[in-house]
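Asker: Next comes model10.tsv, TSV, C-alpha atoms:
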chain	number	residue	atom	x	y	z
A	1	MET	CA	0.00	0.00	0.00
A	2	ASN	CA	1.03	3.57	-0.75
A	3	GLU	CA	2.81	4.82	2.42
A	4	SER	CA	1.43	8.33	2.33
A	5	LEU	CA	-2.14	7.06	2.07
A	6	LYS	CA	-1.51	4.57	4.86
A	7	GLN	CA	-0.23	7.37	7.07
A	8	TYR	CA	-3.37	9.35	6.32
A	9	PHE	CA	-5.63	6.38	7.10
A	10	PHE	CA	-3.92	6.10	10.49
A	11	ARG	CA	-4.41	9.81	11.10
A	12	ILE	CA	-8.18	9.44	10.65
A	13	GLY	CA	-8.51	5.99	12.22
A	14	ASP	CA	-6.39	6.74	15.31
A	15	SER	CA	-8.43	9.80	16.27
A	16	ASN	CA	-11.55	7.62	16.13
A	17	LEU	CA	-9.96	4.80	18.08
A	18	ILE	CA	-8.62	7.02	20.86
A	19	ILE	CA	-11.75	9.12	21.41
A	20	GLY	CA	-13.75	5.89	21.21
A	21	GLN	CA	-11.63	4.44	24.01
A	22	ARG	CA	-12.10	7.60	26.09
A	23	LEU	CA	-15.88	7.47	25.66
A	24	ALA	CA	-15.90	3.76	26.46
A	25	GLU	CA	-14.35	4.66	29.83
A	26	TRP	CA	-17.77	6.14	30.67
A	27	CYS	CA	-19.41	2.73	30.35
A	28	SER	CA	-21.51	2.15	33.51
A	29	LYS	CA	-20.36	5.51	34.91
A	30	GLY	CA	-22.62	7.88	32.96
A	31	PRO	CA	-24.58	10.48	34.91
A	32	THR	CA	-27.87	8.88	33.78
A	33	LEU	CA	-28.64	5.59	32.09
A	34	GLU	CA	-29.60	7.32	28.82
A	35	GLU	CA	-26.39	9.29	28.79
A	36	ASP	CA	-24.33	6.22	29.57
A	37	VAL	CA	-25.93	4.50	26.58
A	38	ALA	CA	-25.44	7.56	24.37
A	39	LEU	CA	-21.73	7.98	25.12
A	40	THR	CA	-21.00	4.31	24.57
A	41	ASN	CA	-23.09	4.23	21.37
A	42	ILE	CA	-20.99	7.08	20.03
A	43	SER	CA	-17.87	5.20	21.15
A	44	LEU	CA	-19.02	2.18	19.16
A	45	ASP	CA	-19.45	4.29	16.02
A	46	ASN	CA	-15.90	5.61	16.51
A	47	PHE	CA	-14.50	2.10	16.88
A	48	GLY	CA	-16.41	1.03	13.78
A	49	GLN	CA	-14.95	3.88	11.76
A	50	ALA	CA	-11.43	3.05	12.96
A	51	ARG	CA	-11.97	-0.61	12.08
A	52	ILE	CA	-13.04	0.16	8.53
A	53	LEU	CA	-9.76	1.98	7.93
A	54	PHE	CA	-7.50	-0.47	9.79
A	55	SER	CA	-8.98	-3.51	8.10
A	56	HIS	CA	-8.65	-1.80	4.74
A	57	ILE	CA	-4.93	-1.21	5.40
A	58	ALA	CA	-4.57	-4.87	6.43
A	59	GLU	CA	-6.34	-6.00	3.27
A	60	LEU	CA	-4.18	-3.88	0.98
A	61	GLU	CA	-0.93	-4.82	2.70
A	62	ASN	CA	-1.86	-8.48	2.85
A	63	ASN	CA	1.17	-9.42	4.98
A	64	GLY	CA	-0.57	-11.26	7.79
A	65	LYS	CA	-1.17	-8.18	9.96
A	66	THR	CA	-4.74	-7.58	11.05
A	67	GLU	CA	-6.73	-4.59	12.25
A	68	ASP	CA	-6.05	-5.79	15.81
A	69	ASP	CA	-2.30	-5.52	15.30
A	70	PHE	CA	-2.75	-1.87	14.40
A	71	ALA	CA	-4.93	-1.17	17.43
A	72	PHE	CA	-3.12	-3.23	20.04
A	73	ARG	CA	0.50	-3.54	18.96
A	74	ARG	CA	1.61	-0.11	18.01
A	75	ASN	CA	3.46	2.11	20.47
A	76	GLU	CA	2.63	5.63	21.50
A	77	ARG	CA	4.91	7.25	18.93
A	78	GLU	CA	3.25	5.27	16.16
A	79	PHE	CA	-0.17	6.80	16.86
A	80	TYR	CA	-1.30	9.84	14.90
A	81	ASN	CA	-4.56	10.73	16.64
A	82	ALA	CA	-5.34	14.42	17.11
A	83	LEU	CA	-4.20	15.52	20.58
A	84	ILE	CA	-7.66	16.56	21.73
A	85	THR	CA	-8.92	12.97	21.49
A	86	GLU	CA	-6.55	11.72	24.21
A	87	ARG	CA	-7.48	14.40	26.77
A	88	PRO	CA	-8.79	12.73	29.91
A	89	ASN	CA	-12.54	12.50	30.52
A	90	GLY	CA	-12.54	14.81	33.55
A	91	HIS	CA	-16.09	15.60	34.64
A	92	PHE	CA	-19.10	15.19	32.34
A	93	GLY	CA	-18.77	18.76	31.03
A	94	ASP	CA	-15.12	18.16	30.09
A	95	THR	CA	-16.12	15.08	28.11
A	96	ILE	CA	-18.98	16.89	26.37
A	97	ALA	CA	-16.78	19.88	25.52
A	98	ARG	CA	-14.07	17.61	24.09
A	99	SER	CA	-16.59	15.64	22.06
A	100	PHE	CA	-18.38	18.74	20.84
A	101	LEU	CA	-15.15	20.32	19.55
A	102	PHE	CA	-14.12	17.05	17.91
A	103	ASP	CA	-17.58	16.13	16.54
A	104	THR	CA	-17.86	19.54	14.90
A	105	PHE	CA	-14.49	18.88	13.27
A	106	GLN	CA	-15.59	15.44	12.07
A	107	LEU	CA	-18.90	16.82	10.77
A	108	HIS	CA	-17.15	19.22	8.42
A	109	PHE	CA	-14.20	16.92	7.73
A	110	TYR	CA	-16.40	14.04	6.56
A	111	THR	CA	-18.64	16.39	4.57
A	112	GLU	CA	-15.58	17.45	2.58
A	113	LEU	CA	-14.03	13.97	2.47
A	114	CYS	CA	-17.16	12.69	0.68
A	115	LYS	CA	-15.74	14.51	-2.36
A	116	SER	CA	-12.38	12.70	-2.18
A	117	LYS	CA	-10.96	11.29	-5.41
A	118	ASN	CA	-10.09	8.18	-3.46
A	119	GLU	CA	-13.26	6.13	-3.86
A	120	PHE	CA	-12.74	4.17	-0.69
A	121	LEU	CA	-12.29	7.29	1.43
A	122	ALA	CA	-15.32	8.94	-0.16
A	123	GLY	CA	-17.50	5.91	0.62
A	124	PHE	CA	-16.13	5.70	4.15
A	125	ALA	CA	-16.86	9.41	4.67
A	126	GLU	CA	-20.41	9.08	3.38
A	127	LYS	CA	-21.12	6.31	5.86
A	128	SER	CA	-19.37	7.98	8.80
A	129	LEU	CA	-21.04	11.33	8.20
A	130	LYS	CA	-24.47	9.82	8.86
A	131	GLU	CA	-23.28	8.69	12.27
A	132	VAL	CA	-21.40	11.86	13.14
A	133	LYS	CA	-24.47	14.03	12.50
A	134	TYR	CA	-26.09	12.30	15.48
A	135	HIS	CA	-22.96	12.76	17.60
A	136	PHE	CA	-22.76	16.44	16.78
A	137	ARG	CA	-26.42	17.05	17.59
A	138	HIS	CA	-26.08	15.23	20.87
A	139	THR	CA	-23.01	17.05	22.14
A	140	GLY	CA	-24.05	20.38	20.59
A	141	GLU	CA	-27.36	20.23	22.43
A	142	TRP	CA	-25.57	19.51	25.68
A	143	ILE	CA	-23.35	22.57	25.16
A	144	VAL	CA	-26.47	24.72	24.82
A	145	ARG	CA	-28.16	23.12	27.84
A	146	LEU	CA	-25.12	23.45	30.07
A	147	GLY	CA	-24.08	26.89	28.84
A	148	ASP	CA	-27.58	28.33	29.03
A	149	GLY	CA	-28.34	26.35	32.20
A	150	THR	CA	-27.51	27.20	35.79
A	151	GLU	CA	-24.77	29.50	36.96
A	152	GLU	CA	-22.71	26.49	38.00
A	153	SER	CA	-23.17	24.54	34.77
A	154	LYS	CA	-22.31	27.62	32.73
A	155	GLU	CA	-19.15	28.30	34.67
A	156	LYS	CA	-18.02	24.68	34.43
A	157	ILE	CA	-18.66	24.18	30.71
A	158	GLN	CA	-16.95	27.50	29.91
A	159	GLU	CA	-13.92	26.36	31.87
A	160	SER	CA	-13.92	22.99	30.05
A	161	ILE	CA	-13.94	24.71	26.66
A	162	ASN	CA	-11.21	27.15	27.72
A	163	ASP	CA	-9.02	24.28	28.97
A	164	LEU	CA	-9.36	22.35	25.72
A	165	TRP	CA	-8.95	25.28	23.36
A	166	ASP	CA	-5.15	24.97	22.99
A	167	PHE	CA	-5.64	21.45	21.65
A	168	THR	CA	-8.10	22.35	18.89
A	169	GLY	CA	-5.53	23.68	16.41
A	170	ASP	CA	-3.88	20.28	16.12
A	171	MET	CA	-7.01	18.79	14.50
A	172	PHE	CA	-6.35	20.96	11.44
A	173	ALA	CA	-2.57	20.42	11.33
A	174	THR	CA	-1.11	19.31	8.02
A	175	ASP	CA	2.34	18.21	6.90
A	176	ASP	CA	3.97	17.69	3.51
A	177	ASN	CA	2.22	14.37	3.20
A	178	ILE	CA	-1.29	15.71	3.82
A	179	ASP	CA	-0.64	18.81	1.69
A	180	ALA	CA	0.31	16.56	-1.22
A	181	LEU	CA	-2.86	14.49	-0.72
A	182	THR	CA	-4.91	17.68	-0.69
A	183	LYS	CA	-3.31	18.74	-3.99
A	184	GLU	CA	-4.27	15.40	-5.49
A	185	GLY	CA	-7.88	15.84	-4.33
A	186	ILE	CA	-7.67	12.90	-1.94
A	187	ALA	CA	-7.59	14.83	1.34
A	188	PRO	CA	-9.82	17.88	1.85
A	189	ASP	CA	-8.53	21.41	2.28
A	190	TYR	CA	-7.93	21.84	6.02
A	191	THR	CA	-8.09	25.63	5.96
A	192	LEU	CA	-11.64	25.33	4.62
A	193	ILE	CA	-12.57	22.81	7.31
A	194	TYR	CA	-11.13	25.12	9.95
A	195	GLN	CA	-13.28	28.01	8.71
A	196	LYS	CA	-16.42	25.90	8.76
A	197	TRP	CA	-15.54	24.49	12.18
A	198	LYS	CA	-14.94	27.96	13.58
A	199	ASN	CA	-18.29	29.22	12.26
A	200	THR	CA	-20.23	26.31	13.75
A	201	VAL	CA	-18.44	26.51	17.10
A	202	ASN	CA	-19.07	30.27	17.26
A	203	GLU	CA	-22.73	29.77	16.45
A	204	VAL	CA	-23.33	27.06	19.05
A	205	LEU	CA	-21.36	28.82	21.79
A	206	LYS	CA	-23.28	32.02	21.12
A	207	ARG	CA	-26.53	30.13	21.43
A	208	ALA	CA	-25.23	28.63	24.66
A	209	THR	CA	-24.42	32.16	25.93
A	210	LEU	CA	-20.77	31.13	26.20
A	211	THR	CA	-17.63	32.99	25.20
A	212	VAL	CA	-15.40	31.77	22.38
A	213	PRO	CA	-11.86	31.62	23.79
A	214	GLU	CA	-9.15	33.77	22.24
A	215	ASP	CA	-6.76	31.92	19.97
A	216	ALA	CA	-3.39	31.80	21.66
A	217	TYR	CA	-0.65	29.19	21.55
A	218	MET	CA	-1.81	25.92	19.99
A	219	GLN	CA	-0.36	22.57	21.01
A	220	LYS	CA	0.94	20.44	18.16
A	221	GLY	CA	2.92	17.30	17.43
A	222	SER	CA	0.43	14.50	16.78
A	223	LEU	CA	1.33	14.25	13.09
A	224	ASP	CA	4.86	13.28	14.19
A	225	GLY	CA	3.53	10.90	16.82
A	226	ARG	CA	4.34	13.27	19.70
A	227	HIS	CA	1.67	13.11	22.35
A	228	SER	CA	0.75	14.30	25.82
A	229	GLU	CA	1.52	12.20	28.89
A	230	TYR	CA	-2.01	10.79	28.79
A	231	LEU	CA	-1.78	8.64	25.66
A	232	GLY	CA	0.65	6.10	27.12
A	233	HIS	CA	-1.66	5.43	30.07
A	234	LEU	CA	-4.66	5.10	27.77
A	235	LEU	CA	-2.78	2.59	25.60
A	236	GLY	CA	-1.65	0.76	28.73
A	237	ASP	CA	-5.30	0.08	29.55
A	238	MET	CA	-6.45	-0.57	26.02
A	239	GLN	CA	-3.58	-2.82	24.95
A	240	TYR	CA	-2.99	-4.67	28.22
A	241	LEU	CA	-4.71	-7.89	27.27
A	242	GLN	CA	-3.15	-8.32	23.82
A	243	ARG	CA	0.28	-7.36	25.18
A	244	SER	CA	0.12	-9.77	28.10
A	245	TYR	CA	-1.61	-12.60	26.27
A	246	PRO	CA	-0.71	-12.17	22.61
A	247	ASP	CA	-3.35	-13.48	20.20
A	248	ALA	CA	-5.89	-14.07	22.99
A	249	LYS	CA	-9.36	-14.50	21.49
A	250	TRP	CA	-12.85	-14.12	22.92
B	1	MET	CA	-13.13	-30.15	-5.61
B	2	ASN	CA	-14.72	-27.90	-8.11
B	3	ILE	CA	-18.47	-28.24	-7.95
B	4	THR	CA	-20.54	-25.83	-9.97
B	5	ILE	CA	-23.23	-24.17	-7.87
B	6	LYS	CA	-26.64	-25.73	-8.51
B	7	HIS	CA	-28.59	-22.93	-6.89
B	8	THR	CA	-29.99	-20.02	-8.84
B	9	GLU	CA	-29.39	-16.50	-7.64
B	10	LYS	CA	-33.00	-16.29	-6.47
B	11	GLU	CA	-32.58	-19.45	-4.42
B	12	ILE	CA	-29.55	-17.93	-2.69
B	13	TRP	CA	-31.58	-14.81	-1.91
B	14	ASP	CA	-34.33	-17.03	-0.51
B	15	ILE	CA	-31.84	-18.79	1.78
B	16	LEU	CA	-30.47	-15.44	2.99
B	17	ASP	CA	-34.03	-14.26	3.58
B	18	THR	CA	-34.43	-16.97	6.23
B	19	ILE	CA	-31.60	-15.50	8.34
B	20	PRO	CA	-33.06	-13.34	11.10
B	21	ASP	CA	-31.41	-10.07	12.09
B	22	PRO	CA	-29.47	-10.99	15.25
B	23	GLU	CA	-30.67	-7.91	17.14
B	24	VAL	CA	-34.13	-7.46	15.64
B	25	PRO	CA	-35.16	-11.06	14.84
B	26	ALA	CA	-38.60	-9.95	13.57
B	27	ILE	CA	-37.04	-9.16	10.21
B	28	SER	CA	-34.53	-10.97	8.03
B	29	ILE	CA	-31.17	-9.58	7.01
B	30	VAL	CA	-32.51	-9.29	3.45
B	31	GLU	CA	-35.45	-7.20	4.67
B	32	LEU	CA	-33.04	-5.07	6.66
B	33	GLY	CA	-31.31	-4.24	3.39
B	34	VAL	CA	-27.78	-5.21	4.38
B	35	ILE	CA	-27.40	-7.76	1.56
B	36	ARG	CA	-26.60	-5.73	-1.52
B	37	LYS	CA	-25.59	-8.27	-4.13
B	38	VAL	CA	-25.34	-11.99	-4.74
B	39	THR	CA	-23.06	-13.24	-7.49
B	40	ILE	CA	-22.63	-16.83	-8.62
B	41	LYS	CA	-19.53	-17.70	-10.61
B	42	HIS	CA	-18.60	-21.32	-11.31
B	43	ASP	CA	-18.21	-22.88	-7.86
B	44	LYS	CA	-18.29	-19.65	-5.86
B	45	VAL	CA	-21.03	-17.57	-4.28
B	46	THR	CA	-20.13	-13.97	-3.47
B	47	VAL	CA	-22.30	-11.91	-1.15
B	48	ASN	CA	-21.86	-8.15	-0.78
B	49	ILE	CA	-22.80	-6.86	2.66
B	50	THR	CA	-23.31	-3.27	3.78
B	51	PRO	CA	-23.35	-2.83	7.57
B	52	THR	CA	-26.05	-0.63	9.08
B	53	TYR	CA	-23.68	1.26	11.39
B	54	SER	CA	-19.92	1.03	11.05
B	55	GLY	CA	-19.54	-0.30	14.59
B	56	CYS	CA	-22.59	-2.56	14.56
B	57	PRO	CA	-21.56	-5.72	16.48
B	58	ALA	CA	-24.24	-7.67	14.60
B	59	THR	CA	-22.13	-7.47	11.46
B	60	GLU	CA	-19.84	-10.28	12.68
B	61	ARG	CA	-22.90	-12.34	13.45
B	62	PHE	CA	-24.38	-11.73	9.95
B	63	LYS	CA	-21.18	-12.96	8.38
B	64	ALA	CA	-21.07	-16.12	10.49
B	65	ASP	CA	-24.78	-16.79	9.86
B	66	ILE	CA	-24.47	-16.31	6.11
B	67	ARG	CA	-21.58	-18.78	6.01
B	68	GLU	CA	-23.48	-21.25	8.14
B	69	PHE	CA	-26.75	-21.10	6.19
B	70	LEU	CA	-25.03	-21.32	2.81
B	71	THR	CA	-22.76	-24.14	3.96
B	72	ASN	CA	-25.82	-26.05	5.17
B	73	ALA	CA	-27.30	-25.62	1.71
B	74	GLY	CA	-24.26	-27.40	0.28
B	75	ILE	CA	-22.31	-24.38	-0.89
B	76	GLU	CA	-18.63	-24.61	-0.01
B	77	ASN	CA	-16.93	-21.71	-1.66
B	78	ILE	CA	-18.31	-18.53	-0.13
B	79	GLU	CA	-16.86	-15.05	-0.39
B	80	LEU	CA	-18.19	-12.17	1.72
B	81	ILE	CA	-17.37	-8.65	0.64
B	82	MET	CA	-17.92	-5.62	2.90
B	83	GLN	CA	-19.25	-2.80	0.80
B	84	TYR	CA	-19.43	0.67	2.38
B	85	SER	CA	-20.73	2.68	-0.52
B	86	PRO	CA	-23.52	3.54	-1.05
B	87	ALA	CA	-23.98	3.82	2.70
B	88	TRP	CA	-26.84	1.87	4.28
B	89	THR	CA	-29.97	3.89	4.79
B	90	THR	CA	-33.25	3.19	6.57
B	91	SER	CA	-35.04	3.88	3.30
B	92	TRP	CA	-33.84	0.43	2.15
B	93	LEU	CA	-36.27	-1.15	4.64
B	94	THR	CA	-39.29	-2.43	2.77
B	95	ASN	CA	-42.79	-1.37	3.85
B	96	GLU	CA	-43.42	-4.96	4.82
B	97	ALA	CA	-40.35	-4.93	7.06
B	98	LYS	CA	-41.48	-1.68	8.65
B	99	GLU	CA	-44.85	-3.21	9.47
B	100	LYS	CA	-43.11	-6.25	10.99
B	101	LEU	CA	-41.01	-3.95	13.16
B	102	ARG	CA	-44.11	-2.14	14.40
B	103	ILE	CA	-45.87	-5.40	15.30
B	104	TYR	CA	-42.68	-6.53	17.06
B	105	GLY	CA	-42.87	-3.36	19.20
B	106	ILE	CA	-40.23	-1.16	17.56
B	107	ALA	CA	-41.50	2.01	15.92
B	108	PRO	CA	-40.32	1.92	12.28
B	109	PRO	CA	-38.40	4.86	10.79
B	110	VAL	CA	-40.69	7.72	9.87
B	111	ASN	CA	-40.33	8.39	6.15
B	112	GLY	CA	-38.23	11.20	4.86
B	113	THR	CA	-34.89	12.59	5.77
B	114	GLU	CA	-32.82	11.89	8.82
B	115	ASP	CA	-34.04	12.78	12.30
B	116	LYS	CA	-33.40	16.27	13.55
B	117	GLY	CA	-32.37	17.38	17.02
B	118	PHE	CA	-34.56	19.25	19.48
B	119	LEU	CA	-32.65	22.46	19.76
B	120	PHE	CA	-31.14	22.62	16.32
B	121	GLU	CA	-32.97	22.61	13.05
B	122	SER	CA	-36.67	21.90	12.98
B	123	GLY	CA	-37.29	19.74	16.03
B	124	PRO	CA	-37.88	16.01	16.34
B	125	LYS	CA	-40.32	14.03	14.26
B	126	VAL	CA	-43.68	12.73	15.35
B	127	VAL	CA	-43.26	9.03	16.05
B	128	PRO	CA	-46.59	7.30	16.78
B	129	CYS	CA	-46.74	5.04	19.85
B	130	VAL	CA	-46.43	1.35	19.02
B	131	LYS	CA	-49.10	0.42	21.58
B	132	CYS	CA	-51.85	3.04	21.35
B	133	ASN	CA	-50.86	4.81	18.12
B	134	SER	CA	-50.99	8.21	19.80
B	135	ASN	CA	-48.88	10.98	18.31
B	136	ASN	CA	-48.35	12.40	21.78
B	137	THR	CA	-44.88	10.92	22.25
B	138	GLU	CA	-41.47	12.31	23.14
B	139	VAL	CA	-37.90	11.25	22.59
B	140	THR	CA	-36.06	10.12	25.73
B	141	SER	CA	-32.70	9.61	24.03
B	142	GLN	CA	-31.42	9.54	20.46
B	143	PHE	CA	-29.31	6.55	21.46
B	144	GLY	CA	-30.82	3.22	22.47
B	145	SER	CA	-29.94	-0.39	23.20
B	146	THR	CA	-28.41	-0.78	19.73
B	147	ALA	CA	-26.81	1.74	17.39
B	148	CYS	CA	-29.85	1.78	15.11
B	149	LYS	CA	-32.46	2.72	17.71
B	150	ALA	CA	-33.58	5.75	19.73
B	151	LEU	CA	-35.68	5.69	22.92
B	152	TYR	CA	-39.18	7.16	23.00
B	153	LYS	CA	-41.96	7.43	25.53
B	154	CYS	CA	-45.70	7.69	24.93
B	155	LEU	CA	-47.24	10.54	26.94
B	156	ASN	CA	-50.71	9.09	26.40
B	157	CYS	CA	-50.40	5.44	27.54
B	158	LEU	CA	-46.94	5.94	29.15
B	159	GLU	CA	-45.40	3.05	27.19
B	160	PRO	CA	-41.64	3.40	26.71
B	161	PHE	CA	-40.63	2.11	23.28
B	162	GLU	CA	-37.78	1.97	20.81
B	163	TYR	CA	-37.68	3.77	17.49
B	164	PHE	CA	-35.64	2.62	14.52
B	165	LYS	CA	-33.98	5.91	13.69
B	166	CYS	CA	-33.49	7.28	10.20
B	167	ILE	CA	-30.03	7.49	8.75
Starting from the file, give its structure as structure tokens.
Answerer:
Amino acid sequence: MNESLKQYFFRIGDSNLIIGQRLAEWCSKGPTLEEDVALTNISLDNFGQARILFSHIAELENNGKTEDDFAFRRNEREFYNALITERPNGHFGDTIARSFLFDTFQLHFYTELCKSKNEFLAGFAEKSLKEVKYHFRHTGEWIVRLGDGTEESKEKIQESINDLWDFTGDMFATDDNIDALTKEGIAPDYTLIYQKWKNTVNEVLKRATLTVPEDAYMQKGSLDGRHSEYLGHLLGDMQYLQRSYPDAKW
Amino acid sequence: MNITIKHTEKEIWDILDTIPDPEVPAISIVELGVIRKVTIKHDKVTVNITPTYSGCPATERFKADIREFLTNAGIENIELIMQYSPAWTTSWLTNEAKEKLRIYGIAPPVNGTEDKGFLFESGPKVVPCVKCNSNNTEVTSQFGSTACKALYKCLNCLEPFEYFKCI
């Protein structure tokens, strides 16, 4: 398989896998039963989207590696997920803020990726977009409820958004590889996605009577596999079984 | 061994139509619309499958069931292809399947475009109660016991029920 495309597949798949794992950590701990079910349903969609990409890589490479090898046997530096996806769950508002910022990105990213010249990616985007529309509505509605809710909920959700803001820029990061794919019409134009993302975030935060944080320093590094201290711990949990008992099956 | 398939394409479809959906057994996987194509070539049967949701755990079960049912019918060489485009949509459910869902106790997808949120766009759809048919219902959660369902509640007879949401 073409290395640059493979790298790009990991970029998209890893973000899904890691945020899916974070949301799965809410399983049985949600604030209400419905919310527990919602967060884990969204997690399942994310895992599904990661699987489609990983199994496609495995199929094209055809060297005995499976989707599970990509999920469970890569090290921290070999993951290319956007930094925001590995942020810890924190309280419910932190999780909702993280998901809202990421879901809004995915909403516009998949909308544009549907036009990709790579037929597989376009089909994948079409399918994923249907799911992400539900995710975005869910987390967007929570932002409005919490922001335009009580004094306490407003203060907390504003703080969550402020804390995460420095990690949003990394979702739109590109490198020579992605820029070349954009030129070929395979990857979308990330400056366009950023504009659309910014407009939607502004609109929802305004509706939620919240303040859009000022752009300051943005964290970066995920495209080179450089992550925060949290990813290693997340992988420790997620990969434990396959690392300790290689090839264990259900 | 190289045995030419004796079944016609229609017969293969008929066999697949006897496989119940693992999560909603009231309808078959053919009625659900996940089987997109059946191809017979020499000794091989190829089935193209489109999952409902990308993470749907039932997909693995479909694949195992298809292999099992076709093997039992004497077909040895089976190829299953996952096809993601065009993406599965609730509009592929036949009217007959929708009626079966309703009788089973799951409100079928309300025709038209995808479901909207409460705060954004135009508000949720009217989903009639599966017990008393009242339109006085409300959504409890857009996410239910499986990826394809939302939770509703009837404000008339108080029945909680599931709704097969539109995608």
Asker: Do me a favour and pick out the residues of chain A within 9 Å of chain B, using all atoms listed in the file, as a PyMOL selection string.
Answerer: chain A and resi 34-35+37-39+41-52+119-120+122-124+126-128+130-131+134+137-138+140-141+144
Asker: What's the 7 Å shell around Leu80 (chain B), counting all atoms listed in the file, without same-chain residues fewer than 2 positions away, as a PyMOL selection string?
Answerer: chain B and resi 46-48+78+82
Asker: Of the residues B:Glu23, B:Val139, B:Val30, B:Glu11, which is the one nearest to Ala58 (chain B), using all atoms listed in the file?
Answerer: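 Closest to Ala58 (chain B), using all atoms listed in the file: B:Glu23.
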Asker: Grab the CA of Thr191 (chain A) to CA of Asp224 (chain A) distance for me, in Å with one decimal place.
Answerer: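 Spanning CA of Thr191 (chain A) to CA of Asp224 (chain A) is a straight-line distance of 19.7 Å.
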Asker: Write out as a PyMOL selection string each polymer residue whose atoms come within 12 Å of Trp250 (chain A), counting all atoms listed in the file; drop sequence neighbours fewer than 5 positions from it.
Answerer: chain A and resi 241-242+245
Asker: Pick the closest to Ile57 (chain A) from A:Asp36, A:Thr104, A:Met1, A:Glu78: which is it, counting all atoms listed in the file?
Answerer: A:Met1
Asker: Calculate how many Å separate CA of Ile35 (chain B) from CA of Ile49 (chain B), rounding to one decimal.
Answerer: 4.8 Å
Asker: Taking 6 positions as the minimum chain separation for residues in the same chain, which residues sit within 10 Å of region 91-103 of chain A when counting only C-alpha atoms? Answer as a ChimeraX atom specification.
Answerer: /A:15-16,19,22-23,26,30-31,39,42,82,84-85,109,132-143,146-147,153-154,156-165,167-168,171,197-198,200-201,204
Asker: Could you name the residues that touch Glu61 (chain A) at 12 Å or less, counting only C-alpha atoms, but leaving out those on the same chain fewer than 4 positions away, as a ChimeraX atom specification?
Answerer: /A:1-3,5-6,54-57,65-67
Asker: Using CA of Pro128 (chain B) and CA of Thr59 (chain B) as the two end points, give the distance in Å to one decimal.
Answerer: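 The value is 29.1 Å.
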Asker: Which neighbours of region 92-108 of chain B fall inside 9 Å, counting all atoms listed in the file, when residues of the same chain fewer than 2 positions from it are skipped, and could you give them as a list in words?
Answerer: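 The residues satisfying every condition are Val24, Ala26, Ile27, Ser28, Glu31, Leu32, Gly33, Val34, Trp88, Thr89, Thr90, Val110, Asn111, Val127, Pro128, Cys129, Val130, Lys131, Lys149, Phe161, Glu162, Tyr163, Phe164, Lys165 and Cys166 of chain B.
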